[in-house]
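> Before we start, here is the structure in question, set down as structure tokens.
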Amino acid sequence: MPLTDLTLDECLALRPRLDEPADLDPFWDRTLDRARATDARPYFAPVDTGLTQVTTYDATVPGFDGEPVRGWLHLPAQASEPLGCVVEFLGYGRGRGPAHEQLLWASAGYAHFIMDTRGQGWSSAGGDTPDTATLHGSVPGFLTRGVESPEDHYYRRVITDAVRCVDAVRDHPAVDPDRIVVTGVSQGGGIALAVASLVAGLAGVMPDVPFLCDIRRAARISATNPYTEIAAYLSLHRDRADTVFRTLSYVDAAVLASRATAPALFSIAMMDEVCPPSTCFAAYHRYAGPKDVRVYEFNGHEGGGGHHRREQLDWVRALLAPGHRTGAGTPHDRQLV
């Protein structure tokens with residue numbers, strides 16, 4: 001599998017100039033204030049998964065406009081005090097799946113919340129959390145849903161859902177609100193970066209091969225879905241490029257990353273055809289907090305896989321250890337794998 005983007009040295013030197021909307025901060029303040037104004041409250045219903053070492057709850061969280069967002073909350077069965085928590089966002093097209101499917105973080109002794117992504121997943125209704133908006137793009141997929149306006153765009157709703165899930169977890173009695181880490185692969189990694197940029201006081205963030213970064217560049221150089229949705233849309237609407245990329249700049253994780261301050265562990269794959277490495281490095285370089293990166297030089301969008309999960313386990317254990325000072329460490333370390 002050959003390189004399809006810049007070399008590693010070029011990516012390490014990359015400092016792209018990204019278009020940032022002048023009203024980016026008021027836009028997100030207004031969006032999140034509105035979402036938090038709902039009277040609805042999170043609800044956690046116990047689920048019998050047949051497992052004895054992990055306790056699972058079917059979560060319903062008020063997300064964008066107070067609309068219900070589903071999720072799973074896993075807890076180690078013998079937990080007796082508030083736990084550090086990993087909040088996970090999912091890849092493109094994925095829903096939360098069966099309750100027993102993802103047990104790594106609970107098995108490691110942490111609370112683990114998995115957010116269902118609205119409109120995505122296995123069922124014809126879009127998983128367990130439907131997207132209720134009627135706006136759709138002219139091409140299949142999610143990137144161009146409501147893309148004519150930042151107020152209407154699909155990822156405004158999804159990122160708001162994600163922030164509200166973190167809010168819900170912080171209020172849960174089984175979770176230590178000062179020890180929350182957000183993470184995700186691909187789409188989930190981009191959402192995690194956005195959340196880290198919009199929510200203060202997180203303990204850490206782990207974006208893996210993140211989507212939604214330097215979206216304009218990605219739309220120009222990626223020949224693989226989902227970014228090709230943008231090119232397909234603009235091939236039909238030739239006069240709307242400025243409008244489309246202005247809308248997307250409000251949800252661009254590389255733009256938002258300059259506001260994030262929690263410690264971060266990135267992963268980037270140099271042969272990634274889905275999320276080109278130069279776009280992931282754009283977010284990494286702009287990230288404002290302490291940061292580290294694992295670079296997988298000979299991998300595609302699968303990234304580090306199980307190998308990187310082990311890296312994350314070690315990183316979270318050190319990060320959430322008693323006495324660890326959040327934000328400590330060297331901000332520009334990197335390790336090549």
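Identifiers in the structure tokens: chain A, B, ... in order shown; residue index from 1 per chain; ligand index from 1 in order shown.
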Kindly provide the residues of stretch 87-191 of chain A that approach stretch 32-55 of chain A to within 10 Å, each paired with its closest atom pair and their distance in Å to one decimal, based on only C-alpha atoms, listed by chain and increasing number, as a tab-separated table.


residue	atom	partner	partner_atom	distance
A:Pro98	CA	A:Thr49	CA	9.1
A:Ala99	CA	A:Thr49	CA	6.7
A:His100	CA	A:Thr49	CA	6.2
A:Glu101	CA	A:Thr49	CA	9.9
A:Leu103	CA	A:Val54	CA	7.8
A:Ala106	CA	A:Val54	CA	6.7
A:Ser107	CA	A:Val54	CA	7.4
A:Gly109	CA	A:Val54	CA	9.6
A:Ala111	CA	A:Val54	CA	9.7
A:Arg156	CA	A:Leu32	CA	9.9
A:Arg157	CA	A:Ala35	CA	9.8
A:Ile159	CA	A:Leu32	CA	9.6
A:Thr160	CA	A:Leu32	CA	6.5
A:Asp161	CA	A:Ala35	CA	8.7
A:Val163	CA	A:Leu32	CA	8.0
A:Arg164	CA	A:Arg36	CA	7.6
A:Cys165	CA	A:Pro42	CA	8.7
A:Asp167	CA	A:Arg36	CA	9.1
A:Ala168	CA	A:Pro42	CA	6.2
A:Val169	CA	A:Pro42	CA	9.0
A:Asp171	CA	A:Pro42	CA	9.2
A:His172	CA	A:Pro42	CA	9.1

> Selected residues, C-alpha atoms, written as a PDB file, in the first residue's frame, please.


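Result file follows (selection31.pdb):
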ATOM      1  CA  PRO A  98     -25.053  -4.992  21.004  1.00  0.00           C
ATOM      2  CA  ALA A  99     -24.628  -4.244  24.697  1.00  0.00           C
ATOM      3  CA  HIS A 100     -21.972  -6.940  25.211  1.00  0.00           C
ATOM      4  CA  GLU A 101     -19.809  -6.017  22.221  1.00  0.00           C
ATOM      5  CA  LEU A 103     -15.885  -4.352  27.011  1.00  0.00           C
ATOM      6  CA  ALA A 106     -14.710  -1.744  31.694  1.00  0.00           C
ATOM      7  CA  SER A 107     -12.459  -4.803  31.834  1.00  0.00           C
ATOM      8  CA  GLY A 109     -11.437  -1.031  35.577  1.00  0.00           C
ATOM      9  CA  ALA A 111     -16.485   3.269  33.445  1.00  0.00           C
ATOM     10  CA  ARG A 156     -23.718  20.402  14.668  1.00  0.00           C
ATOM     11  CA  ARG A 157     -26.316  18.005  16.008  1.00  0.00           C
ATOM     12  CA  ILE A 159     -21.228  17.175  18.279  1.00  0.00           C
ATOM     13  CA  THR A 160     -23.911  18.635  20.549  1.00  0.00           C
ATOM     14  CA  ASP A 161     -25.102  15.094  21.319  1.00  0.00           C
ATOM     15  CA  VAL A 163     -21.084  17.128  24.580  1.00  0.00           C
ATOM     16  CA  ARG A 164     -24.363  16.296  26.295  1.00  0.00           C
ATOM     17  CA  CYS A 165     -23.262  12.678  26.769  1.00  0.00           C
ATOM     18  CA  ASP A 167     -22.386  16.163  30.684  1.00  0.00           C
ATOM     19  CA  ALA A 168     -24.527  13.139  31.579  1.00  0.00           C
ATOM     20  CA  VAL A 169     -21.551  10.979  32.499  1.00  0.00           C
ATOM     21  CA  ASP A 171     -23.321  13.748  36.740  1.00  0.00           C
ATOM     22  CA  HIS A 172     -23.463   9.956  37.151  1.00  0.00           C
TER      23      HIS A 172
END

> Would you list, as a PyMOL selection string, the residues of stretch 111-314 of chain A that end up in strand (DSSP E or B) under DSSP run on this structure's backbone?

chain A and resi 111-115+175-185+204-208+264-269+291-296

> Give me, as a VMD selection string, all polymer residues having an atom no more than 12 Å from A:Val175, counting only C-alpha atoms and skipping those fewer than 6 positions away in the same chain.

chain A and resid 73 to 76 79 to 87 109 to 113 166 to 169 181

> May I ask which of the residues A:Gly201, A:Pro150, A:Pro26, A:Gly71 is the closest one to A:Thr247, counting only C-alpha atoms?

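Ranking A:Gly201, A:Pro150, A:Pro26, A:Gly71 by distance to A:Thr247, first place goes to A:Pro150.
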
> Between A:Pro16, A:Tyr287, A:Pro263, A:Asp116, which has the minimum distance to A:Val61 (counting only C-alpha atoms)?

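With only C-alpha atoms as the atom set, the closest residue is A:Asp116.
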
> Excluding same-chain residues fewer than 6 positions from A:Glu20, what lies within 8 Å of it counting only C-alpha atoms, as a list in words?

Ser249, Tyr250 and Val255 of chain A

> Residues of stretch 184-262 of chain A that have any atom at most 12 Å from an atom of stretch 21-24 of chain A: could you tabulate them with the shortest-distance atom pair and the distance in Å to one decimal, using only C-alpha atoms, ordered by chain and increasing number, as JSON lines?


{"residue": "A:Ser197", "atom": "CA", "partner": "A:Leu24", "partner_atom": "CA", "distance": 11.6}
{"residue": "A:Leu198", "atom": "CA", "partner": "A:Leu24", "partner_atom": "CA", "distance": 11.0}
{"residue": "A:Thr243", "atom": "CA", "partner": "A:Pro21", "partner_atom": "CA", "distance": 11.9}
{"residue": "A:Phe245", "atom": "CA", "partner": "A:Pro21", "partner_atom": "CA", "distance": 10.5}
{"residue": "A:Arg246", "atom": "CA", "partner": "A:Pro21", "partner_atom": "CA", "distance": 7.4}
{"residue": "A:Thr247", "atom": "CA", "partner": "A:Pro21", "partner_atom": "CA", "distance": 9.1}
{"residue": "A:Leu248", "atom": "CA", "partner": "A:Pro21", "partner_atom": "CA", "distance": 10.1}
{"residue": "A:Ser249", "atom": "CA", "partner": "A:Pro21", "partner_atom": "CA", "distance": 6.9}
{"residue": "A:Tyr250", "atom": "CA", "partner": "A:Leu24", "partner_atom": "CA", "distance": 6.3}
{"residue": "A:Val251", "atom": "CA", "partner": "A:Leu24", "partner_atom": "CA", "distance": 9.3}
{"residue": "A:Asp252", "atom": "CA", "partner": "A:Leu24", "partner_atom": "CA", "distance": 10.7}
{"residue": "A:Val255", "atom": "CA", "partner": "A:Pro21", "partner_atom": "CA", "distance": 9.2}
{"residue": "A:Leu256", "atom": "CA", "partner": "A:Leu24", "partner_atom": "CA", "distance": 8.7}
{"residue": "A:Ser258", "atom": "CA", "partner": "A:Leu24", "partner_atom": "CA", "distance": 11.9}
{"residue": "A:Arg259", "atom": "CA", "partner": "A:Leu24", "partner_atom": "CA", "distance": 11.0}

> Identify, on the basis of only C-alpha atoms, every residue whose closest approach to A:Ala254 does not exceed 12 Å; exclude the query and any residue fewer than 4 positions from it along the same chain; express the result as an MDAnalysis selection string.

chainID A and resid 15:20 189:194 196:197 207 210:218 248:250 258:260 278:288

> Filtering to N, CA and C atoms, could you give me those residues as a CSV table (one decimal), in the first residue's frame?


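So the final result, stored in part30.csv, reads:
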chain,number,residue,atom,x,y,z
A,15,ARG,N,2.1,23.3,8.6
A,15,ARG,CA,1.3,24.2,9.5
A,15,ARG,C,0.3,24.9,8.6
A,16,PRO,N,-0.8,24.3,8.3
A,16,PRO,CA,-1.8,24.8,7.3
A,16,PRO,C,-2.5,26.0,7.9
A,17,ARG,N,-2.8,26.9,7.0
A,17,ARG,CA,-3.7,28.0,7.4
A,17,ARG,C,-5.1,27.6,7.1
A,18,LEU,N,-5.9,27.6,8.2
A,18,LEU,CA,-7.3,27.2,8.1
A,18,LEU,C,-8.2,28.4,8.3
A,19,ASP,N,-9.3,28.4,7.5
A,19,ASP,CA,-10.3,29.4,7.7
A,19,ASP,C,-11.2,29.2,8.9
A,20,GLU,N,-11.1,30.2,9.8
A,20,GLU,CA,-11.9,30.1,11.1
A,20,GLU,C,-13.0,31.1,11.1
A,189,GLY,N,-13.0,9.9,16.3
A,189,GLY,CA,-11.8,10.7,16.7
A,189,GLY,C,-12.0,12.2,16.4
A,190,GLY,N,-12.7,12.5,15.3
A,190,GLY,CA,-13.0,13.9,15.0
A,190,GLY,C,-14.0,14.5,16.0
A,191,ILE,N,-15.0,13.7,16.4
A,191,ILE,CA,-16.0,14.1,17.4
A,191,ILE,C,-15.3,14.3,18.7
A,192,ALA,N,-14.4,13.4,19.1
A,192,ALA,CA,-13.7,13.5,20.4
A,192,ALA,C,-12.8,14.8,20.4
A,193,LEU,N,-12.2,15.2,19.3
A,193,LEU,CA,-11.4,16.4,19.3
A,193,LEU,C,-12.4,17.6,19.4
A,194,ALA,N,-13.5,17.6,18.8
A,194,ALA,CA,-14.5,18.7,18.9
A,194,ALA,C,-14.9,18.8,20.3
A,196,ALA,N,-13.4,17.9,23.1
A,196,ALA,CA,-12.3,18.4,23.9
A,196,ALA,C,-12.1,19.9,23.7
A,197,SER,N,-12.5,20.4,22.6
A,197,SER,CA,-12.4,21.8,22.3
A,197,SER,C,-13.5,22.6,22.9
A,207,PRO,N,-7.8,10.9,20.1
A,207,PRO,CA,-8.3,10.8,18.7
A,207,PRO,C,-7.5,9.9,17.8
A,210,PRO,N,-8.2,10.6,13.0
A,210,PRO,CA,-9.4,11.4,13.1
A,210,PRO,C,-10.0,11.9,11.7
A,211,PHE,N,-11.3,11.8,11.6
A,211,PHE,CA,-12.1,12.4,10.5
A,211,PHE,C,-12.4,13.8,10.8
A,212,LEU,N,-12.9,14.6,9.9
A,212,LEU,CA,-13.4,15.9,10.1
A,212,LEU,C,-12.3,16.9,10.4
A,213,CYS,N,-11.1,16.7,9.9
A,213,CYS,CA,-9.9,17.5,10.1
A,213,CYS,C,-9.5,18.1,8.8
A,214,ASP,N,-9.3,19.5,8.8
A,214,ASP,CA,-8.9,20.2,7.5
A,214,ASP,C,-9.7,19.7,6.4
A,215,ILE,N,-11.0,19.9,6.5
A,215,ILE,CA,-12.0,19.3,5.6
A,215,ILE,C,-11.8,19.7,4.2
A,216,ARG,N,-11.5,21.0,4.0
A,216,ARG,CA,-11.3,21.5,2.6
A,216,ARG,C,-10.2,20.7,1.9
A,217,ARG,N,-9.1,20.5,2.6
A,217,ARG,CA,-8.0,19.8,1.9
A,217,ARG,C,-8.4,18.3,1.7
A,218,ALA,N,-9.0,17.7,2.7
A,218,ALA,CA,-9.5,16.3,2.6
A,218,ALA,C,-10.4,16.1,1.4
A,248,LEU,N,-18.8,23.9,6.9
A,248,LEU,CA,-18.0,22.8,7.4
A,248,LEU,C,-16.9,23.3,8.3
A,249,SER,N,-16.5,24.6,8.2
A,249,SER,CA,-15.4,25.1,9.1
A,249,SER,C,-15.9,25.2,10.5
A,250,TYR,N,-17.2,25.2,10.8
A,250,TYR,CA,-17.7,25.3,12.1
A,250,TYR,C,-17.6,23.9,12.9
A,258,SER,N,-7.5,24.2,18.3
A,258,SER,CA,-6.7,25.3,18.9
A,258,SER,C,-7.3,25.7,20.2
A,259,ARG,N,-8.5,25.2,20.6
A,259,ARG,CA,-9.2,25.6,21.8
A,259,ARG,C,-9.1,24.5,22.9
A,260,ALA,N,-8.5,23.4,22.5
A,260,ALA,CA,-8.5,22.2,23.4
A,260,ALA,C,-7.2,22.3,24.3
A,278,SER,N,-2.0,14.1,6.3
A,278,SER,CA,-1.8,15.5,6.4
A,278,SER,C,-2.9,16.3,7.1
A,279,THR,N,-4.2,15.8,7.0
A,279,THR,CA,-5.3,16.4,7.6
A,279,THR,C,-5.3,16.1,9.1
A,280,CYS,N,-4.9,14.9,9.5
A,280,CYS,CA,-4.8,14.5,10.9
A,280,CYS,C,-3.7,15.3,11.6
A,281,PHE,N,-2.6,15.5,10.9
A,281,PHE,CA,-1.5,16.3,11.4
A,281,PHE,C,-1.9,17.8,11.6
A,282,ALA,N,-2.8,18.3,10.7
A,282,ALA,CA,-3.2,19.6,10.8
A,282,ALA,C,-3.9,19.8,12.2
A,283,ALA,N,-4.7,18.8,12.6
A,283,ALA,CA,-5.3,18.9,13.9
A,283,ALA,C,-4.3,18.8,15.0
A,284,TYR,N,-3.4,17.8,14.8
A,284,TYR,CA,-2.3,17.6,15.9
A,284,TYR,C,-1.5,18.9,16.1
A,285,HIS,N,-1.1,19.5,15.0
A,285,HIS,CA,-0.2,20.7,15.2
A,285,HIS,C,-1.0,21.9,15.8
A,286,ARG,N,-2.3,22.0,15.5
A,286,ARG,CA,-3.0,23.1,16.1
A,286,ARG,C,-3.5,22.8,17.5
A,287,TYR,N,-3.4,21.6,17.9
A,287,TYR,CA,-4.0,21.2,19.2
A,287,TYR,C,-3.2,22.0,20.3
A,288,ALA,N,-3.9,22.7,21.2
A,288,ALA,CA,-3.3,23.6,22.1
A,288,ALA,C,-2.8,23.0,23.4

> Would you please work out which residue, of A:Leu12, A:Val244, A:Val199, A:Ile221, is nearest to A:Ala162 when using only C-alpha atoms?

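Comparing A:Leu12, A:Val244, A:Val199, A:Ile221 against A:Ala162, the winner is A:Val199.
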
> Can you list, as a ChimeraX atom specification, every residue of stretch 62-271 of chain A that DSSP puts in helix (DSSP H, G or I)?

/A:64-66,104-107,154-170,187-198,215-221,228-236,241-249,253-259

> As a count of residues only, please: the residues near A:Met271 (cut-off 9 Å, only C-alpha atoms, same-chain neighbours under 2 positions excluded).

16

> So what do you get for atom CA of A:Arg118 versus atom CA of A:Glu229, distance-wise?

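One can read the atom CA of A:Arg118 to atom CA of A:Glu229 distance as 18.2 Å.
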
> Any idea what the distance is between atom CA of A:Ser138 and atom CA of A:Thr117?

21.1 Å

> Do you have the atom CA of A:Val185-atom CA of A:Gln78 distance handy?

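The value is 28.8 Å.
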
> Which residue is closest to A:His308? Choose from A:Asp272, A:Val209, A:Arg96, A:Thr60 and count only C-alpha atoms.

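Using only C-alpha atoms, the shortest distance to A:His308 belongs to A:Val209.
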
> Let me make sure I understand: among A:Val158, A:Ala174, A:Leu202, A:Ala262, which one has the smallest atom-to-atom distance to A:Ala133 if we use only C-alpha atoms?

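Checking each candidate against A:Ala133, we get A:Val158 as the closest.
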